[in-house]
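Coordinates as given in coords.cif (mmCIF, N, CA and C atoms and all ligand atoms):
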```
data_entry
loop_
_atom_site.label_atom_id
_atom_site.label_comp_id
_atom_site.auth_asym_id
_atom_site.auth_seq_id
_atom_site.Cartn_x
_atom_site.Cartn_y
_atom_site.Cartn_z
N MET A 1 97.78 58.85 -27.82
CA MET A 1 98.79 58.72 -28.88
C MET A 1 99.59 57.43 -28.67
N ASP A 2 99.80 56.65 -29.74
CA ASP A 2 100.55 55.41 -29.53
C ASP A 2 102.05 55.69 -29.40
N LYS A 3 102.77 54.68 -28.94
CA LYS A 3 104.20 54.85 -28.62
C LYS A 3 105.03 55.27 -29.84
N LEU A 4 104.74 54.64 -30.97
CA LEU A 4 105.52 54.91 -32.17
C LEU A 4 105.34 56.37 -32.63
N THR A 5 104.10 56.82 -32.59
CA THR A 5 103.82 58.21 -32.98
C THR A 5 104.56 59.17 -32.04
N LYS A 6 104.49 58.84 -30.76
CA LYS A 6 105.16 59.68 -29.76
C LYS A 6 106.65 59.78 -30.06
N LEU A 7 107.23 58.65 -30.40
CA LEU A 7 108.66 58.59 -30.68
C LEU A 7 109.01 59.44 -31.91
N CYS A 8 108.16 59.35 -32.92
CA CYS A 8 108.40 60.10 -34.16
C CYS A 8 108.27 61.60 -33.94
N LEU A 9 107.45 61.97 -32.97
CA LEU A 9 107.23 63.40 -32.73
C LEU A 9 108.21 63.97 -31.71
N ASP A 10 108.99 63.09 -31.12
CA ASP A 10 109.89 63.49 -30.04
C ASP A 10 110.89 64.55 -30.52
N HIS A 11 110.95 65.64 -29.77
CA HIS A 11 111.89 66.71 -30.14
C HIS A 11 113.10 66.76 -29.21
N THR A 12 113.15 65.86 -28.24
CA THR A 12 114.21 65.99 -27.24
C THR A 12 115.62 65.78 -27.83
N TYR A 13 115.71 65.04 -28.92
CA TYR A 13 117.02 64.81 -29.51
C TYR A 13 117.45 65.95 -30.42
N LEU A 14 116.52 66.87 -30.63
CA LEU A 14 116.77 67.95 -31.57
C LEU A 14 118.04 68.75 -31.27
N SER A 15 118.17 69.19 -30.01
CA SER A 15 119.33 70.03 -29.70
C SER A 15 120.63 69.25 -29.84
N GLU A 16 120.56 67.95 -29.49
CA GLU A 16 121.74 67.09 -29.67
C GLU A 16 122.13 67.04 -31.15
N ARG A 17 121.13 66.81 -31.99
CA ARG A 17 121.39 66.69 -33.41
C ARG A 17 121.84 68.01 -34.03
N MET A 18 121.50 69.09 -33.35
CA MET A 18 121.88 70.39 -33.90
C MET A 18 123.18 70.93 -33.31
N ALA A 19 123.81 70.13 -32.48
CA ALA A 19 125.03 70.59 -31.81
C ALA A 19 126.09 71.04 -32.81
N PHE A 20 126.09 70.42 -33.99
CA PHE A 20 127.14 70.77 -34.95
C PHE A 20 127.04 72.21 -35.43
N PHE A 21 125.87 72.81 -35.29
CA PHE A 21 125.72 74.22 -35.68
C PHE A 21 126.69 75.11 -34.89
N GLU A 22 126.97 74.68 -33.66
CA GLU A 22 127.87 75.47 -32.82
C GLU A 22 129.32 75.36 -33.27
N LYS A 23 129.58 74.36 -34.14
CA LYS A 23 130.97 74.16 -34.57
C LYS A 23 131.28 74.89 -35.87
N LEU A 24 130.38 75.78 -36.28
CA LEU A 24 130.57 76.48 -37.55
C LEU A 24 131.87 77.29 -37.57
N ILE A 25 132.13 78.03 -36.48
CA ILE A 25 133.33 78.87 -36.46
C ILE A 25 134.58 77.99 -36.61
N GLU A 26 134.57 76.88 -35.86
CA GLU A 26 135.69 75.93 -35.96
C GLU A 26 135.88 75.47 -37.39
N ALA A 27 134.76 75.11 -38.03
CA ALA A 27 134.83 74.59 -39.41
C ALA A 27 135.38 75.65 -40.36
N ILE A 28 134.96 76.90 -40.16
CA ILE A 28 135.46 77.97 -41.03
C ILE A 28 136.96 78.17 -40.79
N GLU A 29 137.32 78.22 -39.51
CA GLU A 29 138.73 78.47 -39.19
C GLU A 29 139.66 77.35 -39.64
N SER A 30 139.17 76.11 -39.56
CA SER A 30 140.05 75.00 -39.94
C SER A 30 139.96 74.70 -41.44
N GLY A 31 139.12 75.44 -42.15
CA GLY A 31 139.00 75.25 -43.59
C GLY A 31 138.31 73.94 -43.96
N ASP A 32 137.54 73.39 -43.01
CA ASP A 32 136.89 72.10 -43.25
C ASP A 32 135.38 72.28 -43.48
N LEU A 33 135.04 73.23 -44.32
CA LEU A 33 133.62 73.50 -44.53
C LEU A 33 132.91 72.39 -45.30
N GLU A 34 133.66 71.70 -46.14
CA GLU A 34 133.06 70.65 -46.98
C GLU A 34 132.38 69.59 -46.10
N ASN A 35 133.12 69.16 -45.11
CA ASN A 35 132.63 68.17 -44.16
C ASN A 35 131.41 68.72 -43.38
N TYR A 36 131.49 69.99 -43.06
CA TYR A 36 130.42 70.65 -42.33
C TYR A 36 129.14 70.71 -43.17
N ILE A 37 129.30 71.04 -44.45
CA ILE A 37 128.14 71.12 -45.36
C ILE A 37 127.49 69.73 -45.50
N ASP A 38 128.31 68.68 -45.53
CA ASP A 38 127.77 67.31 -45.56
C ASP A 38 126.91 67.05 -44.34
N LYS A 39 127.37 67.54 -43.20
CA LYS A 39 126.62 67.34 -41.95
C LYS A 39 125.28 68.05 -42.02
N ILE A 40 125.28 69.26 -42.58
CA ILE A 40 124.03 70.00 -42.71
C ILE A 40 123.07 69.25 -43.61
N GLN A 41 123.61 68.74 -44.73
CA GLN A 41 122.76 68.02 -45.67
C GLN A 41 122.16 66.78 -45.01
N PHE A 42 122.98 66.08 -44.24
CA PHE A 42 122.52 64.89 -43.53
C PHE A 42 121.41 65.26 -42.53
N PHE A 43 121.63 66.33 -41.81
CA PHE A 43 120.65 66.81 -40.84
C PHE A 43 119.32 67.15 -41.54
N ILE A 44 119.42 67.86 -42.68
CA ILE A 44 118.21 68.24 -43.42
C ILE A 44 117.46 66.99 -43.88
N ASP A 45 118.19 66.07 -44.52
CA ASP A 45 117.55 64.88 -45.08
C ASP A 45 117.01 63.94 -44.01
N GLU A 46 117.88 63.65 -43.04
CA GLU A 46 117.54 62.60 -42.07
C GLU A 46 116.66 63.08 -40.93
N TYR A 47 116.77 64.31 -40.60
CA TYR A 47 115.95 64.76 -39.49
C TYR A 47 114.81 65.66 -39.95
N ILE A 48 115.18 66.79 -40.50
CA ILE A 48 114.16 67.79 -40.81
C ILE A 48 113.13 67.29 -41.83
N VAL A 49 113.58 66.87 -43.00
CA VAL A 49 112.63 66.50 -44.05
C VAL A 49 111.73 65.34 -43.60
N LYS A 50 112.34 64.30 -43.05
CA LYS A 50 111.54 63.13 -42.62
C LYS A 50 110.56 63.49 -41.51
N HIS A 51 111.04 64.28 -40.56
CA HIS A 51 110.20 64.66 -39.42
C HIS A 51 109.02 65.53 -39.87
N PHE A 52 109.31 66.51 -40.72
CA PHE A 52 108.24 67.39 -41.22
C PHE A 52 107.23 66.58 -42.02
N LYS A 53 107.75 65.66 -42.82
CA LYS A 53 106.89 64.84 -43.67
C LYS A 53 105.94 64.01 -42.79
N PHE A 54 106.49 63.44 -41.73
CA PHE A 54 105.68 62.66 -40.82
C PHE A 54 104.55 63.51 -40.22
N GLU A 55 104.91 64.69 -39.78
CA GLU A 55 103.89 65.58 -39.20
C GLU A 55 102.85 65.97 -40.24
N GLU A 56 103.34 66.29 -41.43
CA GLU A 56 102.41 66.78 -42.46
C GLU A 56 101.52 65.68 -43.02
N GLU A 57 102.03 64.44 -43.02
CA GLU A 57 101.22 63.36 -43.58
C GLU A 57 100.38 62.64 -42.54
N LYS A 58 100.91 62.51 -41.32
CA LYS A 58 100.21 61.70 -40.32
C LYS A 58 99.50 62.51 -39.24
N ILE A 59 100.09 63.63 -38.86
CA ILE A 59 99.55 64.35 -37.70
C ILE A 59 98.62 65.50 -38.10
N PHE A 60 99.14 66.36 -38.98
CA PHE A 60 98.36 67.55 -39.33
C PHE A 60 96.99 67.21 -39.95
N PRO A 61 96.91 66.25 -40.88
CA PRO A 61 95.59 65.96 -41.46
C PRO A 61 94.56 65.54 -40.40
N MET A 62 95.05 64.84 -39.38
CA MET A 62 94.18 64.39 -38.29
C MET A 62 93.60 65.61 -37.55
N ILE A 63 94.46 66.60 -37.35
CA ILE A 63 94.02 67.81 -36.63
C ILE A 63 93.10 68.65 -37.52
N ILE A 64 93.44 68.72 -38.81
CA ILE A 64 92.57 69.47 -39.74
C ILE A 64 91.17 68.86 -39.73
N GLN A 65 91.11 67.54 -39.62
CA GLN A 65 89.82 66.86 -39.64
C GLN A 65 89.05 66.96 -38.32
N HIS A 66 89.78 66.79 -37.21
CA HIS A 66 89.06 66.69 -35.94
C HIS A 66 89.32 67.84 -34.96
N GLY A 67 90.27 68.72 -35.27
CA GLY A 67 90.66 69.73 -34.29
C GLY A 67 89.70 70.91 -34.18
N SER A 68 89.95 71.72 -33.19
CA SER A 68 89.17 72.95 -32.99
C SER A 68 89.65 73.98 -34.02
N PRO A 69 88.87 75.06 -34.23
CA PRO A 69 89.32 76.09 -35.18
C PRO A 69 90.72 76.63 -34.83
N GLU A 70 91.01 76.78 -33.53
CA GLU A 70 92.33 77.29 -33.12
C GLU A 70 93.42 76.31 -33.51
N GLU A 71 93.14 75.02 -33.30
CA GLU A 71 94.14 74.01 -33.64
C GLU A 71 94.39 73.97 -35.14
N LYS A 72 93.32 74.15 -35.90
CA LYS A 72 93.48 74.15 -37.36
C LYS A 72 94.34 75.33 -37.80
N MET A 73 94.12 76.47 -37.17
CA MET A 73 94.94 77.65 -37.49
C MET A 73 96.39 77.40 -37.14
N MET A 74 96.57 76.75 -36.00
CA MET A 74 97.93 76.44 -35.55
C MET A 74 98.64 75.53 -36.56
N VAL A 75 97.91 74.57 -37.09
CA VAL A 75 98.49 73.66 -38.08
C VAL A 75 98.96 74.45 -39.31
N GLN A 76 98.13 75.39 -39.73
CA GLN A 76 98.51 76.21 -40.88
C GLN A 76 99.81 76.97 -40.62
N GLU A 77 99.87 77.53 -39.42
CA GLU A 77 101.05 78.29 -39.04
C GLU A 77 102.29 77.39 -39.02
N LEU A 78 102.13 76.20 -38.45
CA LEU A 78 103.25 75.27 -38.35
C LEU A 78 103.73 74.81 -39.72
N GLN A 79 102.76 74.62 -40.61
CA GLN A 79 103.09 74.18 -41.95
C GLN A 79 103.89 75.27 -42.70
N GLN A 80 103.47 76.52 -42.49
CA GLN A 80 104.21 77.63 -43.10
C GLN A 80 105.62 77.70 -42.53
N GLU A 81 105.74 77.41 -41.24
CA GLU A 81 107.07 77.43 -40.62
C GLU A 81 107.95 76.33 -41.19
N HIS A 82 107.36 75.17 -41.47
CA HIS A 82 108.14 74.08 -42.09
C HIS A 82 108.77 74.58 -43.38
N ALA A 83 107.94 75.21 -44.23
CA ALA A 83 108.44 75.68 -45.52
C ALA A 83 109.54 76.72 -45.32
N LEU A 84 109.32 77.60 -44.36
CA LEU A 84 110.29 78.66 -44.08
C LEU A 84 111.62 78.07 -43.59
N ILE A 85 111.54 77.13 -42.68
CA ILE A 85 112.74 76.51 -42.12
C ILE A 85 113.53 75.82 -43.24
N LEU A 86 112.83 75.09 -44.10
CA LEU A 86 113.51 74.40 -45.20
C LEU A 86 114.20 75.40 -46.13
N ARG A 87 113.50 76.51 -46.42
CA ARG A 87 114.10 77.53 -47.29
C ARG A 87 115.34 78.13 -46.65
N LYS A 88 115.23 78.43 -45.35
CA LYS A 88 116.37 79.03 -44.64
C LYS A 88 117.57 78.09 -44.62
N LEU A 89 117.30 76.81 -44.38
CA LEU A 89 118.39 75.83 -44.35
C LEU A 89 119.07 75.74 -45.71
N ASP A 90 118.27 75.77 -46.76
CA ASP A 90 118.82 75.70 -48.11
C ASP A 90 119.67 76.93 -48.43
N THR A 91 119.14 78.09 -48.10
CA THR A 91 119.89 79.33 -48.36
C THR A 91 121.20 79.33 -47.58
N PHE A 92 121.11 78.86 -46.35
CA PHE A 92 122.30 78.80 -45.50
C PHE A 92 123.36 77.89 -46.13
N LYS A 93 122.90 76.74 -46.58
CA LYS A 93 123.82 75.78 -47.22
C LYS A 93 124.46 76.40 -48.48
N GLU A 94 123.63 77.08 -49.26
CA GLU A 94 124.14 77.75 -50.47
C GLU A 94 125.23 78.77 -50.12
N LYS A 95 124.97 79.51 -49.05
CA LYS A 95 125.94 80.52 -48.61
C LYS A 95 127.27 79.86 -48.27
N LEU A 96 127.19 78.73 -47.58
CA LEU A 96 128.42 78.04 -47.19
C LEU A 96 129.14 77.47 -48.41
N LEU A 97 128.36 77.01 -49.39
CA LEU A 97 128.98 76.46 -50.61
C LEU A 97 129.76 77.55 -51.35
N ARG A 98 129.25 78.77 -51.25
CA ARG A 98 129.92 79.88 -51.94
C ARG A 98 131.02 80.52 -51.10
N TYR A 99 131.16 80.02 -49.90
CA TYR A 99 132.15 80.63 -48.99
C TYR A 99 133.56 80.52 -49.54
N ASN A 100 134.32 81.58 -49.40
CA ASN A 100 135.75 81.45 -49.70
C ASN A 100 136.54 82.28 -48.71
N SER A 101 137.81 81.96 -48.60
CA SER A 101 138.60 82.52 -47.51
C SER A 101 138.84 84.03 -47.64
N SER A 102 138.48 84.60 -48.79
CA SER A 102 138.70 86.04 -48.93
C SER A 102 137.52 86.87 -48.39
N LEU A 103 136.54 86.19 -47.81
CA LEU A 103 135.38 86.91 -47.27
C LEU A 103 135.79 87.85 -46.15
N LEU A 104 135.05 88.93 -46.05
CA LEU A 104 135.33 89.89 -44.98
C LEU A 104 134.84 89.32 -43.65
N LYS A 105 135.40 89.86 -42.60
CA LYS A 105 135.01 89.42 -41.26
C LYS A 105 133.49 89.61 -41.06
N SER A 106 132.97 90.73 -41.58
CA SER A 106 131.54 91.00 -41.40
C SER A 106 130.68 89.97 -42.14
N ASP A 107 131.17 89.46 -43.29
CA ASP A 107 130.43 88.42 -44.01
C ASP A 107 130.38 87.14 -43.18
N VAL A 108 131.49 86.83 -42.57
CA VAL A 108 131.54 85.63 -41.73
C VAL A 108 130.58 85.78 -40.55
N GLU A 109 130.56 86.98 -39.99
CA GLU A 109 129.64 87.23 -38.88
C GLU A 109 128.18 87.06 -39.32
N THR A 110 127.88 87.50 -40.54
CA THR A 110 126.52 87.35 -41.07
C THR A 110 126.16 85.87 -41.18
N ILE A 111 127.11 85.07 -41.66
CA ILE A 111 126.86 83.63 -41.79
C ILE A 111 126.61 83.00 -40.42
N ILE A 112 127.41 83.41 -39.45
CA ILE A 112 127.26 82.85 -38.10
C ILE A 112 125.92 83.26 -37.48
N GLU A 113 125.54 84.51 -37.72
CA GLU A 113 124.24 84.98 -37.23
C GLU A 113 123.11 84.19 -37.87
N ALA A 114 123.22 83.94 -39.19
CA ALA A 114 122.20 83.17 -39.91
C ALA A 114 122.08 81.78 -39.29
N SER A 115 123.21 81.19 -38.96
CA SER A 115 123.20 79.84 -38.37
C SER A 115 122.50 79.86 -37.02
N LYS A 116 122.77 80.88 -36.22
CA LYS A 116 122.10 80.98 -34.90
C LYS A 116 120.60 81.19 -35.08
N GLY A 117 120.24 81.99 -36.08
CA GLY A 117 118.83 82.25 -36.36
C GLY A 117 118.09 80.98 -36.71
N ILE A 118 118.72 80.13 -37.50
CA ILE A 118 118.09 78.87 -37.89
C ILE A 118 117.86 77.97 -36.67
N VAL A 119 118.88 77.87 -35.84
CA VAL A 119 118.75 77.04 -34.64
C VAL A 119 117.59 77.55 -33.77
N ARG A 120 117.55 78.86 -33.58
CA ARG A 120 116.47 79.46 -32.78
C ARG A 120 115.10 79.14 -33.38
N MET A 121 115.01 79.30 -34.71
CA MET A 121 113.73 79.10 -35.38
C MET A 121 113.25 77.65 -35.23
N ILE A 122 114.16 76.70 -35.39
CA ILE A 122 113.79 75.28 -35.28
C ILE A 122 113.36 74.95 -33.85
N LEU A 123 114.11 75.46 -32.88
CA LEU A 123 113.77 75.16 -31.48
C LEU A 123 112.43 75.78 -31.08
N MET A 124 112.20 77.00 -31.55
CA MET A 124 110.92 77.66 -31.24
C MET A 124 109.75 76.92 -31.88
N HIS A 125 109.97 76.44 -33.09
CA HIS A 125 108.94 75.69 -33.80
C HIS A 125 108.60 74.41 -33.01
N ALA A 126 109.64 73.70 -32.60
CA ALA A 126 109.43 72.45 -31.86
C ALA A 126 108.73 72.73 -30.53
N GLN A 127 109.12 73.81 -29.90
CA GLN A 127 108.51 74.17 -28.61
C GLN A 127 107.02 74.50 -28.78
N LYS A 128 106.73 75.19 -29.86
CA LYS A 128 105.33 75.55 -30.15
C LYS A 128 104.50 74.28 -30.32
N GLU A 129 105.04 73.32 -31.05
CA GLU A 129 104.31 72.06 -31.25
C GLU A 129 104.12 71.33 -29.92
N ASP A 130 105.19 71.27 -29.15
CA ASP A 130 105.13 70.54 -27.88
C ASP A 130 104.13 71.17 -26.92
N GLU A 131 104.13 72.49 -26.87
CA GLU A 131 103.30 73.15 -25.87
C GLU A 131 101.87 73.36 -26.31
N ARG A 132 101.68 73.66 -27.58
CA ARG A 132 100.34 74.10 -27.99
C ARG A 132 99.55 73.11 -28.81
N LEU A 133 100.23 72.13 -29.37
CA LEU A 133 99.48 71.25 -30.26
C LEU A 133 99.46 69.80 -29.80
N PHE A 134 100.65 69.25 -29.58
CA PHE A 134 100.72 67.82 -29.29
C PHE A 134 100.09 67.39 -27.96
N PRO A 135 100.08 68.25 -26.94
CA PRO A 135 99.44 67.78 -25.70
C PRO A 135 97.98 67.42 -25.90
N ASN A 136 97.38 68.00 -26.94
CA ASN A 136 95.95 67.74 -27.18
C ASN A 136 95.72 66.47 -27.98
N LEU A 137 96.77 65.86 -28.46
CA LEU A 137 96.55 64.67 -29.30
C LEU A 137 96.28 63.43 -28.47
FE FE B 201 106.88 70.67 -37.21
FE FE B 202 108.07 68.62 -34.90
#
```

Whole structure given in structure tokens:
Amino acid sequence: MDKLTKLCLDHTYLSERMAFFEKLIEAIESGDLENYIDKIQFFIDEYIVKHFKFEEEKIFPMIIQHGSPEEKMMVQELQQEHALILRKLDTFKEKLLRYNSSLLKSDVETIIEASKGIVRMILMHAQKEDERLFPNL
């Protein structure tokens, strides 16, 4: 794999870029959700969408063409996860846009749980790629 491709596939910055997810409670408490939603949008556009696009256009087709049957199945699974992650991020953003201060404590907890779920899903996806697919490239 060439250096540029390696760099584009690098997931090590992922947790750093996702650190703002941990600041959700702060954002809700300080009433600064607008700024927080902008950060989510930036993360989706600049990291997730571009990164997924790179994998789907440059990496996955290569594996579909030359990979083993298991690798091809893995690509399908990863592609489905991309779609799922994007949908979850969108729904999460929508939830935050509809947020208002009269929400019940349990609603806020649901939002926080959803945010943790998204972080987990993205990290697991990246780990799956790192461990099971990219070492073979
Ligand atoms: Fe991916
Ligand atoms: Fe990735």

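You will find CA of Gln41 in chain A at 22.1 Å from CA of Leu78 in chain A.
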
I'd like a table as a tab-separated table: residues in chain A with an atom no more than 8 Å from ligand FE 201 (chain B), each row giving the shortest atom pair and its distance in Å to one decimal, only N, CA and C atoms and all ligand atoms counted, sorted by chain and rising residue number.
```
residue	atom	partner	partner_atom	distance
A:His51	C	B:FE201	FE	6.2
A:Phe52	CA	B:FE201	FE	5.4
A:Lys53	N	B:FE201	FE	7.6
A:Glu55	CA	B:FE201	FE	6.2
A:Glu56	N	B:FE201	FE	7.0
A:Leu78	C	B:FE201	FE	5.8
A:Gln79	N	B:FE201	FE	6.6
A:Glu81	C	B:FE201	FE	7.0
A:His82	CA	B:FE201	FE	6.1
A:His125	C	B:FE201	FE	5.9
A:Ala126	N	B:FE201	FE	6.2
A:Glu129	CA	B:FE201	FE	6.6
```

Subject >> Selection: 9 Å around range 109-120 of chain A, only C-alpha atoms, excl. self and same-chain fewer than 2 positions, as an MDAnalysis selection string >> reply: chainID A and resid 15 18 21:22 24:25 85 88:89 92 95:96 104:107 122:125

Original post:
DSSP on the backbone: what in chain A comes out alpha helix (DSSP H), as a PyMOL selection string?
Top reply: chain A and resi 3-9+14-17+24-30+33-42+50-54+60-66+69-97+105-128

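The space separating CA of Asp130 in chain A from atom N of His11 in chain A comes to 7.8 Å.
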
Original post:
When distances are computed from only C-alpha atoms and all ligand atoms, which of A:Ile28, A:Ile37, A:Ala83, A:Ile48 shows the smallest separation from ligand FE 202 (chain B)?
Top reply: A:Ile48

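Proximity ranking of A:Lys93, A:Thr5, A:Glu26, A:Leu133 relative to Ile40 in chain A places A:Lys93 first, based on all atoms listed in the file.
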
Subject >> Among listed residues A:Asp2, A:Glu34, A:Glu57, A:Glu70, nearest Glu94 in chain A (using only C-alpha atoms) >> reply: A:Glu34

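Nearest to ligand FE 202 (chain B) of all the residues A:Tyr99, A:Phe42, A:Phe134, A:Phe20 is A:Phe134, based on only C-alpha atoms and all ligand atoms.
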
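Between ligand FE 202 (chain B) and the residues A:Thr12, A:Asn35, A:Thr91, A:Gln76, the shortest atom-to-atom distance, using only C-alpha atoms and all ligand atoms, involves A:Thr12.
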
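Taking CA of Asp38 in chain A and CA of Gln127 in chain A as the two end points, the separation is 26.6 Å.
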